[in-house]
>>> print(open('final37.txt').read())   # compact mmCIF, C-alpha atoms
# COMPACT_ATOMS: atom_id res chain seq x y z
CA MET A 181 -11.95 -1.93 1.55
CA SER A 182 -11.56 1.36 3.40
CA PRO A 183 -11.45 4.42 1.15
CA ALA A 184 -8.03 5.86 0.34
CA ILE A 185 -9.43 9.37 0.71
CA GLU A 186 -12.30 10.05 3.09
CA LEU A 187 -13.93 13.27 4.26
CA ARG A 188 -16.51 13.08 7.05
CA ARG A 189 -18.79 16.05 7.73
CA VAL A 190 -16.03 18.46 6.73
CA SER A 191 -16.75 22.19 7.15
CA LYS A 192 -14.47 25.14 6.61
CA ILE A 193 -15.26 28.63 7.84
CA TYR A 194 -13.08 31.66 7.10
CA GLY A 195 -13.34 34.84 9.19
CA GLU A 196 -15.93 35.37 11.91
CA GLY A 197 -18.95 37.49 12.75
CA PRO A 198 -20.31 39.55 9.85
CA THR A 199 -17.33 38.65 7.61
CA GLU A 200 -17.76 34.90 8.17
CA VAL A 201 -17.61 32.83 4.97
CA ARG A 202 -18.62 29.19 4.93
CA ALA A 203 -16.45 27.69 2.20
CA LEU A 204 -17.49 24.08 2.90
CA TRP A 205 -20.46 22.80 4.80
CA GLY A 206 -20.79 19.19 6.03
CA VAL A 207 -19.04 17.56 3.09
CA ASP A 208 -18.91 13.74 3.00
CA LEU A 209 -16.76 12.23 0.26
CA SER A 210 -14.80 9.05 -0.26
CA VAL A 211 -12.55 7.80 -3.04
CA VAL A 212 -11.34 4.20 -3.19
CA ALA A 213 -8.07 2.95 -4.69
CA GLY A 214 -8.35 2.66 -8.47
CA GLU A 215 -11.05 5.32 -8.71
CA LEU A 216 -10.80 8.76 -10.31
CA VAL A 217 -13.31 11.26 -8.94
CA ALA A 218 -13.87 14.75 -10.35
CA ILE A 219 -15.28 17.64 -8.33
CA MET A 220 -17.21 20.12 -10.48
CA GLY A 221 -18.77 23.39 -9.48
CA PRO A 222 -18.88 27.07 -10.35
CA SER A 223 -16.17 29.42 -9.08
CA GLY A 224 -16.67 30.12 -5.39
CA SER A 225 -18.36 26.75 -4.81
CA GLY A 226 -15.50 25.55 -2.55
CA LYS A 227 -13.76 23.18 -5.01
CA SER A 228 -10.21 24.32 -4.35
CA THR A 229 -10.77 24.51 -0.58
CA LEU A 230 -12.05 20.94 -0.68
CA LEU A 231 -8.92 19.83 -2.54
CA THR A 232 -6.46 21.53 -0.17
CA ILE A 233 -8.27 20.09 2.86
CA ALA A 234 -8.50 16.58 1.40
CA GLY A 235 -4.83 16.93 0.40
CA THR A 236 -3.98 17.74 4.05
CA LEU A 237 -2.49 21.11 3.04
CA GLU A 238 -5.08 22.90 5.18
CA ASP A 239 -7.14 21.88 8.25
CA PRO A 240 -10.94 21.83 8.28
CA THR A 241 -12.81 23.91 10.90
CA SER A 242 -14.70 20.74 11.83
CA GLY A 243 -15.01 17.19 10.55
CA GLU A 244 -12.49 14.49 9.76
CA VAL A 245 -10.05 13.81 6.92
CA ARG A 246 -8.74 10.26 6.59
CA ILE A 247 -5.99 9.11 4.24
CA ASP A 248 -5.76 5.31 3.90
CA GLY A 249 -8.00 5.02 6.94
CA VAL A 250 -5.83 7.22 9.21
CA ASP A 251 -7.36 10.35 10.76
CA VAL A 252 -5.01 13.17 9.74
CA SER A 253 -6.01 15.52 12.59
CA GLY A 254 -4.41 13.19 15.14
CA MET A 255 -1.01 13.24 13.39
CA SER A 256 2.02 15.29 14.41
CA ARG A 257 3.41 17.84 11.94
CA ASN A 258 6.32 15.53 11.16
CA ASP A 259 4.13 12.48 10.60
CA ARG A 260 1.88 14.50 8.38
CA ALA A 261 4.83 15.81 6.33
CA ARG A 262 6.15 12.25 5.94
CA MET A 263 2.74 11.01 4.81
CA ARG A 264 2.56 13.79 2.22
CA ARG A 265 6.03 12.89 0.94
CA ARG A 266 5.38 9.15 0.74
CA GLN A 267 1.73 8.68 -0.01
CA ILE A 268 0.34 11.78 -1.68
CA GLY A 269 1.01 13.33 -5.08
CA TYR A 270 -0.14 16.77 -6.20
CA VAL A 271 -0.63 18.12 -9.72
CA PHE A 272 -1.30 21.83 -10.26
CA GLN A 273 -2.32 23.87 -13.28
CA ASP A 274 1.10 25.55 -13.54
CA PHE A 275 3.13 22.27 -13.37
CA ASN A 276 5.45 23.46 -10.50
CA LEU A 277 8.56 21.76 -11.90
CA LEU A 278 12.03 22.93 -10.86
CA ALA A 279 13.61 24.63 -13.89
CA GLY A 280 17.19 23.71 -12.93
CA LEU A 281 16.48 19.95 -12.84
CA THR A 282 15.90 17.60 -15.78
CA ALA A 283 12.62 15.67 -16.14
CA VAL A 284 14.05 12.56 -14.48
CA GLU A 285 15.64 14.62 -11.67
CA ASN A 286 12.33 16.38 -11.01
CA VAL A 287 10.54 13.05 -10.73
CA ALA A 288 13.29 11.48 -8.59
CA LEU A 289 13.38 14.43 -6.17
CA PRO A 290 10.52 13.43 -3.82
CA LEU A 291 12.03 9.94 -3.52
CA GLU A 292 15.49 11.31 -2.72
CA LEU A 293 14.01 13.73 -0.15
CA ASP A 294 12.46 10.68 1.43
CA GLY A 295 15.84 8.97 1.78
CA VAL A 296 15.79 6.67 -1.26
CA GLY A 297 19.29 6.29 -2.72
CA SER A 298 20.04 8.41 -5.77
CA LYS A 299 20.51 5.52 -8.23
CA ARG A 300 17.38 3.71 -7.16
CA ALA A 301 15.37 6.97 -7.17
CA ARG A 302 16.45 7.66 -10.74
CA GLU A 303 15.53 4.17 -11.90
CA THR A 304 12.08 4.47 -10.36
CA ALA A 305 11.64 7.98 -11.85
CA HIS A 306 12.69 6.64 -15.25
CA GLU A 307 9.99 3.95 -15.08
CA ALA A 308 7.36 6.53 -14.10
CA LEU A 309 8.31 8.73 -17.08
CA GLU A 310 8.25 5.72 -19.37
CA ARG A 311 4.64 5.04 -18.35
CA MET A 312 3.81 8.65 -19.25
CA GLY A 313 5.22 8.10 -22.75
CA LEU A 314 8.23 10.34 -22.09
CA VAL A 315 11.06 7.82 -22.35
CA ASP A 316 12.90 10.01 -24.90
CA LYS A 317 12.50 13.17 -22.78
CA VAL A 318 14.02 12.07 -19.46
CA GLY A 319 17.14 14.24 -19.84
CA ARG A 320 15.32 17.41 -20.96
CA PHE A 321 14.90 20.48 -18.78
CA PRO A 322 11.31 21.77 -18.26
CA ASP A 323 11.94 24.75 -20.58
CA ASP A 324 12.67 22.34 -23.46
CA LEU A 325 9.35 20.51 -23.02
CA SER A 326 5.88 21.43 -24.32
CA GLY A 327 3.12 22.29 -21.85
CA GLY A 328 1.54 18.85 -22.24
CA GLU A 329 4.89 17.11 -21.68
CA ARG A 330 5.60 19.22 -18.57
CA GLN A 331 2.27 18.25 -17.08
CA ARG A 332 2.97 14.58 -17.81
CA VAL A 333 6.30 14.96 -15.95
CA ALA A 334 4.35 16.51 -13.06
CA ILE A 335 1.97 13.52 -13.04
CA ALA A 336 4.93 11.10 -13.12
CA ARG A 337 6.36 12.95 -10.09
CA ALA A 338 2.97 12.80 -8.35
CA VAL A 339 2.60 9.02 -8.71
CA VAL A 340 6.27 7.95 -8.52
CA GLY A 341 7.19 5.28 -5.98
CA ASP A 342 4.38 3.90 -3.92
CA ARG A 343 2.04 6.90 -3.87
CA ARG A 344 -1.55 5.78 -3.43
CA VAL A 345 -3.33 9.14 -3.50
CA LEU A 346 -3.30 11.86 -6.15
CA PHE A 347 -4.78 15.37 -6.00
CA ALA A 348 -5.04 17.55 -9.10
CA ASP A 349 -6.32 21.13 -9.36
CA GLU A 350 -7.38 22.08 -12.92
CA PRO A 351 -4.48 20.00 -14.32
CA THR A 352 -5.28 20.76 -17.96
CA GLY A 353 -6.16 24.42 -17.42
CA ALA A 354 -3.08 25.70 -19.27
CA LEU A 355 -3.26 23.20 -22.15
CA ASP A 356 -5.11 23.00 -25.48
CA SER A 357 -7.78 20.32 -25.78
CA VAL A 358 -5.64 17.63 -27.49
CA ASN A 359 -2.78 17.98 -24.96
CA GLY A 360 -5.34 18.20 -22.17
CA GLU A 361 -6.76 14.90 -23.37
CA SER A 362 -3.40 13.09 -23.20
CA VAL A 363 -2.90 14.40 -19.67
CA MET A 364 -6.34 13.07 -18.70
CA ARG A 365 -5.57 9.71 -20.34
CA MET A 366 -2.46 9.47 -18.16
CA LEU A 367 -4.32 10.49 -14.99
CA SER A 368 -7.04 7.98 -15.72
CA ALA A 369 -4.49 5.22 -16.43
CA ALA A 370 -2.60 6.06 -13.20
CA SER A 371 -5.77 5.79 -11.15
CA HIS A 372 -6.74 2.50 -12.81
CA ARG A 373 -3.36 1.09 -11.80
CA GLY A 374 -4.54 1.49 -8.20
CA VAL A 375 -4.12 5.15 -7.24
CA ALA A 376 -7.08 7.02 -5.73
CA GLY A 377 -7.42 10.29 -7.68
CA LEU A 378 -9.34 13.46 -6.88
CA VAL A 379 -9.45 16.13 -9.61
CA VAL A 380 -11.03 19.55 -9.30
CA THR A 381 -12.28 21.23 -12.46
CA HIS A 382 -14.93 23.42 -14.01
CA ASP A 383 -14.37 21.76 -17.41
CA ALA A 384 -17.04 19.21 -18.36
CA GLN A 385 -14.84 17.39 -20.92
CA LEU A 386 -12.08 16.93 -18.36
CA ALA A 387 -14.55 15.80 -15.69
CA SER A 388 -15.99 13.23 -18.09
CA TRP A 389 -12.72 11.22 -17.82
CA ALA A 390 -13.57 10.54 -14.17
CA ASP A 391 -15.31 7.39 -12.95
CA ARG A 392 -17.58 9.57 -10.83
CA VAL A 393 -18.36 13.29 -10.88
CA VAL A 394 -19.37 15.05 -7.66
CA PHE A 395 -21.12 18.42 -7.95
CA LEU A 396 -20.41 21.15 -5.41
CA ARG A 397 -22.51 24.28 -4.91
CA ASP A 398 -22.12 26.91 -2.17
CA GLY A 399 -19.81 24.60 -0.22
CA ARG A 400 -22.14 21.61 -0.23
CA VAL A 401 -22.21 18.39 -2.25
CA VAL A 402 -25.49 18.68 -4.16
CA ASP A 403 -25.33 15.73 -6.55
CA GLN A 404 -23.14 13.08 -8.17
CA THR A 405 -23.20 10.93 -11.29
CA ASP A 406 -24.18 7.28 -11.19
CA THR A 407 -21.63 4.68 -12.17
CA PRO A 408 -21.60 5.18 -15.92
CA ALA A 409 -23.05 2.50 -18.17
CA GLY A 410 -20.60 1.10 -20.72
CA PRO A 411 -20.11 2.81 -24.08
CA GLU A 412 -22.22 0.10 -25.73
CA SER A 413 -25.28 1.87 -24.29
CA LEU A 414 -24.61 4.65 -26.81
CA LEU A 415 -25.30 2.30 -29.69
CA ALA A 416 -28.84 1.67 -28.56
CA THR A 417 -29.71 5.34 -29.08
CA GLY A 418 -27.73 5.82 -32.31
CA SER A 419 -29.66 6.76 -35.42
CA ASN A 420 -28.81 5.39 -38.84
CA GLU A 421 -30.14 8.15 -41.04
CA MET B 218 -24.47 12.66 -43.01
CA SER B 219 -26.32 10.25 -45.22
CA VAL B 220 -25.41 6.60 -45.65
CA ARG B 221 -25.69 7.32 -49.39
CA HIS B 222 -22.74 9.71 -49.46
CA ALA B 223 -20.72 7.61 -47.04
CA LEU B 224 -20.97 4.68 -49.49
CA LEU B 225 -19.98 6.90 -52.42
CA ALA B 226 -16.94 8.03 -50.38
CA LEU B 227 -15.89 4.44 -49.65
CA LEU B 228 -16.28 3.52 -53.34
CA SER B 229 -14.10 6.48 -54.35
CA GLU B 230 -11.15 4.37 -53.10
CA GLY B 231 -11.98 1.60 -55.59
CA PRO B 232 -14.59 -1.13 -56.27
CA LYS B 233 -15.93 -2.95 -53.21
CA TYR B 234 -18.48 -5.59 -52.17
CA GLY B 235 -21.59 -4.80 -50.10
CA LEU B 236 -20.42 -6.56 -46.95
CA GLN B 237 -17.03 -4.92 -47.20
CA LEU B 238 -18.73 -1.51 -47.47
CA ARG B 239 -20.67 -2.14 -44.28
CA GLN B 240 -17.56 -3.21 -42.34
CA GLU B 241 -15.53 -0.24 -43.53
CA PHE B 242 -18.36 2.20 -42.81
CA GLU B 243 -18.59 0.98 -39.22
CA ALA B 244 -14.82 0.98 -38.69
CA ARG B 245 -14.37 4.52 -40.04
CA THR B 246 -17.13 5.96 -37.88
CA GLY B 247 -15.49 4.54 -34.76
CA ASP B 248 -18.06 1.69 -34.51
CA VAL B 249 -20.57 4.12 -33.04
CA TRP B 250 -22.84 3.98 -36.09
CA PRO B 251 -23.96 0.42 -36.75
CA LEU B 252 -25.52 -0.35 -40.15
CA ASN B 253 -27.56 -3.38 -41.09
CA VAL B 254 -26.80 -5.23 -44.31
CA GLY B 255 -30.29 -4.60 -45.70
CA GLN B 256 -29.75 -0.87 -45.41
CA VAL B 257 -26.47 -1.10 -47.32
CA TYR B 258 -28.03 -3.05 -50.21
CA THR B 259 -31.16 -0.86 -50.44
CA THR B 260 -28.94 2.24 -50.60
CA LEU B 261 -26.70 0.62 -53.25
CA GLN B 262 -29.74 -0.23 -55.40
CA ARG B 263 -30.93 3.39 -55.26
CA LEU B 264 -27.44 4.67 -56.12
CA GLU B 265 -27.37 2.32 -59.10
CA ARG B 266 -30.82 3.45 -60.21
CA ASP B 267 -29.61 7.09 -60.09
CA GLY B 268 -26.50 6.23 -62.13
CA LEU B 269 -24.05 7.06 -59.33
CA VAL B 270 -22.65 3.51 -59.00
CA GLU B 271 -22.41 0.48 -61.31
CA SER B 272 -22.55 -3.13 -60.23
CA GLU B 273 -20.68 -6.06 -61.68
CA ASP B 274 -22.01 -9.56 -61.12
CA GLY B 275 -19.93 -11.98 -59.13
CA SER B 276 -17.86 -14.56 -60.96
CA ALA B 277 -17.63 -18.27 -60.17
CA ASP B 278 -14.72 -17.62 -57.75
CA SER B 279 -16.52 -14.79 -55.98
CA PRO B 280 -20.31 -14.94 -56.03
CA GLN B 281 -20.69 -11.49 -54.35
CA LYS B 282 -21.75 -8.49 -56.38
CA GLY B 283 -19.11 -5.75 -56.59
CA TYR B 284 -19.85 -2.01 -56.88
CA ARG B 285 -17.91 0.77 -58.56
CA LEU B 286 -18.29 4.59 -58.55
CA THR B 287 -19.39 6.22 -61.87
CA GLY B 288 -18.27 9.66 -63.12
CA ASP B 289 -21.59 11.14 -61.98
CA GLY B 290 -21.10 9.46 -58.59
CA GLY B 291 -17.67 11.11 -58.20
CA ARG B 292 -19.12 14.54 -59.08
CA GLU B 293 -22.01 14.07 -56.64
CA LEU B 294 -19.53 13.14 -53.88
CA ASN B 295 -17.44 16.27 -54.50
CA ARG B 296 -20.53 18.49 -54.53
CA TRP B 297 -21.76 16.98 -51.25
CA LEU B 298 -18.36 17.32 -49.49
CA ARG B 299 -18.36 21.06 -50.16
CA THR B 300 -22.01 21.78 -49.35
CA PRO B 301 -22.36 23.29 -45.84
CA PRO B 302 -24.50 21.13 -43.58
CA GLU B 303 -27.92 22.39 -42.53
CA ALA B 304 -26.96 24.74 -39.71
CA THR B 305 -30.34 26.17 -38.78
CA PRO B 306 -31.22 25.28 -35.17
CA PRO B 307 -34.34 23.25 -34.47
CA PRO B 308 -37.39 25.53 -34.16
CA ARG B 309 -37.85 24.65 -30.48
CA ASP B 310 -35.08 23.52 -28.19
CA GLU B 311 -36.77 21.24 -25.71
CA LEU B 312 -34.30 21.89 -22.88
CA VAL B 313 -34.70 25.68 -23.18
CA ILE B 314 -38.50 25.27 -23.11
CA LYS B 315 -38.28 23.07 -19.99
CA VAL B 316 -36.15 25.63 -18.15
CA LEU B 317 -38.47 28.49 -19.17
CA VAL B 318 -41.50 26.48 -18.02
CA GLY B 319 -39.67 25.56 -14.79
CA LEU B 320 -39.36 29.27 -13.99
CA VAL B 321 -43.15 29.71 -13.83
CA VAL B 322 -44.22 26.37 -12.29
CA PRO B 323 -44.77 27.08 -8.56
CA GLY B 324 -42.53 25.15 -6.17
CA THR B 325 -39.84 24.39 -8.78
CA ASP B 326 -36.25 24.81 -7.55
CA ILE B 327 -34.76 26.04 -10.81
CA HIS B 328 -31.16 25.31 -9.73
CA GLU B 329 -32.11 21.74 -8.90
CA LEU B 330 -33.83 21.42 -12.27
CA LEU B 331 -30.69 22.69 -14.06
CA GLN B 332 -28.57 20.23 -12.05
CA VAL B 333 -30.73 17.25 -13.06
CA HIS B 334 -30.05 18.06 -16.71
CA ARG B 335 -26.37 18.85 -16.06
CA ARG B 336 -25.85 15.45 -14.42
CA HIS B 337 -27.60 13.66 -17.26
CA LEU B 338 -25.38 15.41 -19.84
CA ILE B 339 -22.16 14.70 -17.91
CA GLU B 340 -23.13 11.03 -17.61
CA GLN B 341 -23.59 10.93 -21.38
CA MET B 342 -20.19 12.63 -21.83
CA GLN B 343 -18.61 10.03 -19.51
CA ARG B 344 -19.90 7.26 -21.79
CA TYR B 345 -18.42 8.93 -24.89
CA THR B 346 -15.12 9.65 -23.15
CA ARG B 347 -14.92 6.04 -22.02
CA LEU B 348 -15.38 4.95 -25.63
CA LYS B 349 -12.54 7.27 -26.68
CA GLY B 350 -10.39 6.12 -23.72
CA GLN B 351 -10.76 2.48 -24.75
CA GLY B 352 -9.49 3.25 -28.25
CA SER B 353 -5.90 4.25 -28.87
CA GLU B 354 -4.87 7.87 -29.47
CA ALA B 355 -3.99 6.78 -33.02
CA ASP B 356 -7.63 5.92 -33.80
CA VAL B 357 -8.37 9.28 -35.44
CA GLY B 358 -11.77 8.32 -36.90
CA LEU B 359 -13.13 7.33 -33.51
CA ALA B 360 -11.66 10.43 -31.81
CA LEU B 361 -13.20 12.80 -34.38
CA VAL B 362 -16.67 11.24 -34.10
CA VAL B 363 -16.58 11.19 -30.30
CA ASP B 364 -15.10 14.71 -30.00
CA ALA B 365 -17.89 16.17 -32.14
CA GLU B 366 -20.47 14.75 -29.74
CA LEU B 367 -18.45 15.78 -26.65
CA PHE B 368 -18.16 19.39 -27.84
CA ARG B 369 -21.89 19.49 -28.59
CA LEU B 370 -22.80 18.16 -25.13
CA GLU B 371 -20.25 20.44 -23.46
CA GLY B 372 -21.91 23.41 -25.18
CA ILE B 373 -25.22 22.48 -23.54
CA VAL B 374 -23.53 22.07 -20.12
CA ARG B 375 -22.03 25.55 -20.54
CA TRP B 376 -25.45 26.96 -21.38
CA LEU B 377 -26.81 25.36 -18.15
CA ASP B 378 -23.89 26.84 -16.15
CA SER B 379 -24.53 30.27 -17.57
CA ALA B 380 -28.30 29.98 -16.97
CA ASP B 381 -27.54 28.95 -13.37
CA ALA B 382 -25.28 31.97 -12.77
CA ARG B 383 -27.68 34.36 -14.52
CA LEU B 384 -30.68 33.17 -12.50
CA ALA B 385 -28.70 33.34 -9.23
CA ARG B 386 -27.73 36.94 -10.02
CA VAL B 387 -31.30 37.91 -10.92
CA SER B 388 -32.71 36.42 -7.69
CA GLN B 389 -29.98 38.14 -5.62
CA GLY B 390 -30.82 41.42 -7.35
CA ALA B 391 -34.52 40.93 -6.57
CA ALA B 392 -33.73 40.15 -2.91
CA GLY B 393 -31.50 43.25 -2.73
CA LYS B 394 -34.29 45.38 -4.20
CA ARG B 395 -36.80 44.06 -1.66
CA ALA B 396 -34.33 44.74 1.18
CA SER B 397 -33.76 48.34 0.05
CA VAL B 398 -37.54 48.99 -0.15
CA VAL B 399 -37.97 47.66 3.41
CA TYR B 400 -34.99 49.79 4.54
CA GLU B 401 -36.46 52.96 2.98
CA GLN B 402 -39.89 52.34 4.53
CA THR B 403 -38.32 51.83 7.98
CA ALA B 404 -36.17 54.95 7.57
CA ASN B 405 -39.20 57.05 6.55
CA GLU B 406 -41.15 55.81 9.59
CA GLU B 407 -38.19 56.75 11.84
CA ILE B 408 -38.14 60.28 10.40
CA ARG B 409 -41.91 60.73 10.84
CA ARG B 410 -41.54 59.73 14.49
>>> encode(input="final37.txt", output="structure tokens")
Amino acid sequence: MSPAIELRRVSKIYGEGPTEVRALWGVDLSVVAGELVAIMGPSGSGKSTLLTIAGTLEDPTSGEVRIDGVDVSGMSRNDRARMRRRQIGYVFQDFNLLAGLTAVENVALPLELDGVGSKRARETAHEALERMGLVDKVGRFPDDLSGGERQRVAIARAVVGDRRVLFADEPTGALDSVNGESVMRMLSAASHRGVAGLVVTHDAQLASWADRVVFLRDGRVVDQTDTPAGPESLLATGSNE
Amino acid sequence: MSVRHALLALLSEGPKYGLQLRQEFEARTGDVWPLNVGQVYTTLQRLERDGLVESEDGSADSPQKGYRLTGDGGRELNRWLRTPPEATPPPRDELVIKVLVGLVVPGTDIHELLQVHRRHLIEQMQRYTRLKGQGSEADVGLALVVDAELFRLEGIVRWLDSADARLARVSQGAAGKRASVVYEQTANEEIRR
């Protein structure tokens, strides 16, 4: 199975000469469908740059980005925009919902922009919100929702339709820990339904929801976790007294 | 927490059998704290000896021995609930010692050493989070037990992050100092010439 997200020897350099900054340096990374990967690193380690490049919002200075096996650098602007509309979902810290649209309209919007009929788009959006546990909030405007609910609407919008790839930048940054946890539950469930997810964070609790954690330092991948053993391994080390 | 007080707490809801106590103990601690039956009965015998519980022999219909909380047992439970847990840190924190030792062992990349421990902690956190993820959000007992461990581990990760940043700043400062000494020496030589 080819990875849904793949970075090959990706480097990104800003500026030149004495002001040159290497934000990323020879990064290799792949995420398969059904896998949630977290990128952790201190501020300035290149996390957000990595996410915008993998999300095709910015071009690397060198190296290749492939989405569903297709090299993005060879695509025209229009093809790239269409791919972003159809295949990729984004979730940001500040939700980015349109205040004048209800929850279901916000989620249906990317489908309608892509030419899906209004009725069908709404039905699909309704299903996506239902999976996020928001069936009773579909008609609410963003201002009438809590922070946690708004982020769940944003996730529904990011995975609505047939989106296979999800990018999230500090998605629980503006939420308390209990609301942050429900958002991570939803992200994890969405990825286990077959979406490839890449989340950037500096928060260890959030990262621990991922199947794999990749550590970035000074623009390079320095380490990653092994496939975690099942929770039953915790029992072996438990003490009874 | 001691098994002793956990059993008193379960008996405060009403009389129970030994096996029942074990099952309820495990369920309420999110199944992360397995108990063996022997341990339950030994603890019950000691509680009975100390007058904190009473046993009643099984009847013909139910051969198991039942246990009930005494007045003293109830008072002991209340006292324990309100007593702050031992909060003094262990005299030596092994991880802190390892990092301090790593600083003086020649050839040790301290950032790599910190990363080894960071990865290990995150992998442990992933296991706990997976346990929480498998349960439902309504399973409050499990979530509380797992959260306590997650916050503890997260605290250690944050200490590693801060140690990493602090050591990076110190080594940059040292490099800057060396550079300025070299610069001053060169400048003085230029002037002498």
>>> residues_around(input="final37.txt", residues="A:Gly353", least_positions_apart="6", cutoff="9 Å", atoms="all atoms listed in the file", output="compact mmCIF listing (two decimals) with C-alpha atoms, keeping the file's coordinate frame")
# COMPACT_ATOMS: atom_id res chain seq x y z
CA GLN A 273 -2.32 23.87 -13.28
CA ASP A 274 1.10 25.55 -13.54
CA GLY A 360 -5.34 18.20 -22.17
CA THR A 381 -12.28 21.23 -12.46
CA ASP A 383 -14.37 21.76 -17.41
>>> residues_around(input="final37.txt", residues="A:Leu367", least_positions_apart="4", cutoff="8 Å", atoms="all atoms listed in the file", output="list of chain:residue names")
A:Ile335, A:Val363, A:Ser371, A:Gly377
>>> write_last_selection(input="final37.txt", atoms="C-alpha atoms", output="PDB file, in the coordinates of the input")
ATOM      1  CA  ILE A 335       1.970  13.520 -13.040  1.00  0.00           C
ATOM      2  CA  VAL A 363      -2.900  14.400 -19.670  1.00  0.00           C
ATOM      3  CA  SER A 371      -5.770   5.790 -11.150  1.00  0.00           C
ATOM      4  CA  GLY A 377      -7.420  10.290  -7.680  1.00  0.00           C
TER       5      GLY A 377
END
>>> atom_distance(input="final37.txt", atom1="atom CA of A:Ala203", atom2="atom CA of B:Glu340")
26.7 Å
>>> interface_residues(input="final37.txt", of="chain B", to="chain A", cutoff="6 Å", atoms="all atoms listed in the file", output="list in words")
Met342, Gln343, Arg344 and Leu348 of chain B
>>> atom_distance(input="final37.txt", atom1="atom CA of A:Met312", atom2="atom CA of B:Thr246")
28.2 Å
>>> residues_around(input="final37.txt", residues="A:Arg337", least_positions_apart="3", cutoff="9 Å", atoms="all atoms listed in the file", output="list in words")
Gly269, Tyr270, Val271, Val284, Asn286, Val287, Ala288, Leu289, Pro290, Ala305, Ala308, Leu309, Arg332, Val333, Ala334, Val340 and Gly341 of chain A
>>> residues_around(input="final37.txt", residues="A:Gly235", least_positions_apart="5", cutoff="10 Å", atoms="only C-alpha atoms", output="PyMOL selection string")
chain A and resi 185+229-230+245-247+264+268-270+345-348+378
>>> atom_distance(input="final37.txt", atom1="atom CA of B:Gln281", atom2="atom CA of B:Leu252")
18.7 Å
>>> closest_residue(input="final37.txt", among="A:Met366, A:Leu355, A:Ala338, A:Leu209", to="A:Ala184", atoms="only C-alpha atoms")
A:Leu209
>>> residues_around(input="final37.txt", residues="B:Ser219", least_positions_apart="6", cutoff="12 Å", atoms="only C-alpha atoms", output="list in words")
Ser419, Asn420 and Glu421 of chain A; Leu225, Ala226, Phe242, Trp250, Leu252, Gln256, Val257, Thr260, Leu294, Trp297, Leu298 and Pro302 of chain B
>>> axis_aligned_box(input="final37.txt", around="stretch 277-284 of chain A", padding_each_side="8 Å", output="AutoDock Vina command-line options")
--center_x 12.9 --center_y 18.6 --center_z -13.5 --size_x 24.6 --size_y 28.1 --size_z 21.3
>>> decode(input="final37.txt", residues="stretch 295-328 of chain B", atoms="C-alpha atoms", output="CSV table (one decimal), in the first residue's frame")
chain,number,residue,atom,x,y,z
B,295,ASN,CA,-13.3,8.9,57.0
B,296,ARG,CA,-10.0,9.7,58.7
B,297,TRP,CA,-8.0,8.1,55.8
B,298,LEU,CA,-10.0,10.0,53.1
B,299,ARG,CA,-9.1,13.3,54.6
B,300,THR,CA,-5.5,12.6,55.4
B,301,PRO,CA,-3.2,14.2,52.7
B,302,PRO,CA,-1.1,11.6,50.9
B,303,GLU,CA,2.6,11.5,51.5
B,304,ALA,CA,3.8,14.3,49.2
B,305,THR,CA,7.5,14.3,49.9
B,306,PRO,CA,9.5,13.5,46.8
B,307,PRO,CA,11.8,10.5,46.7
B,308,PRO,CA,15.2,11.4,48.1
B,309,ARG,CA,16.9,10.8,44.7
B,310,ASP,CA,15.1,11.1,41.4
B,311,GLU,CA,16.9,8.6,39.2
B,312,LEU,CA,16.2,10.4,35.9
B,313,VAL,CA,17.6,13.7,37.3
B,314,ILE,CA,20.8,11.8,38.5
B,315,LYS,CA,21.2,10.2,35.1
B,316,VAL,CA,21.0,13.6,33.3
B,317,LEU,CA,23.4,15.2,35.7
B,318,VAL,CA,25.8,12.2,35.3
B,319,GLY,CA,25.4,12.4,31.5
B,320,LEU,CA,26.6,16.0,31.6
B,321,VAL,CA,30.1,14.9,32.9
B,322,VAL,CA,30.5,11.6,31.1
B,323,PRO,CA,32.8,12.4,28.1
B,324,GLY,CA,31.3,11.8,24.7
B,325,THR,CA,27.7,11.9,25.9
B,326,ASP,CA,25.3,13.8,23.6
B,327,ILE,CA,23.1,15.2,26.3
B,328,HIS,CA,20.2,16.1,23.9
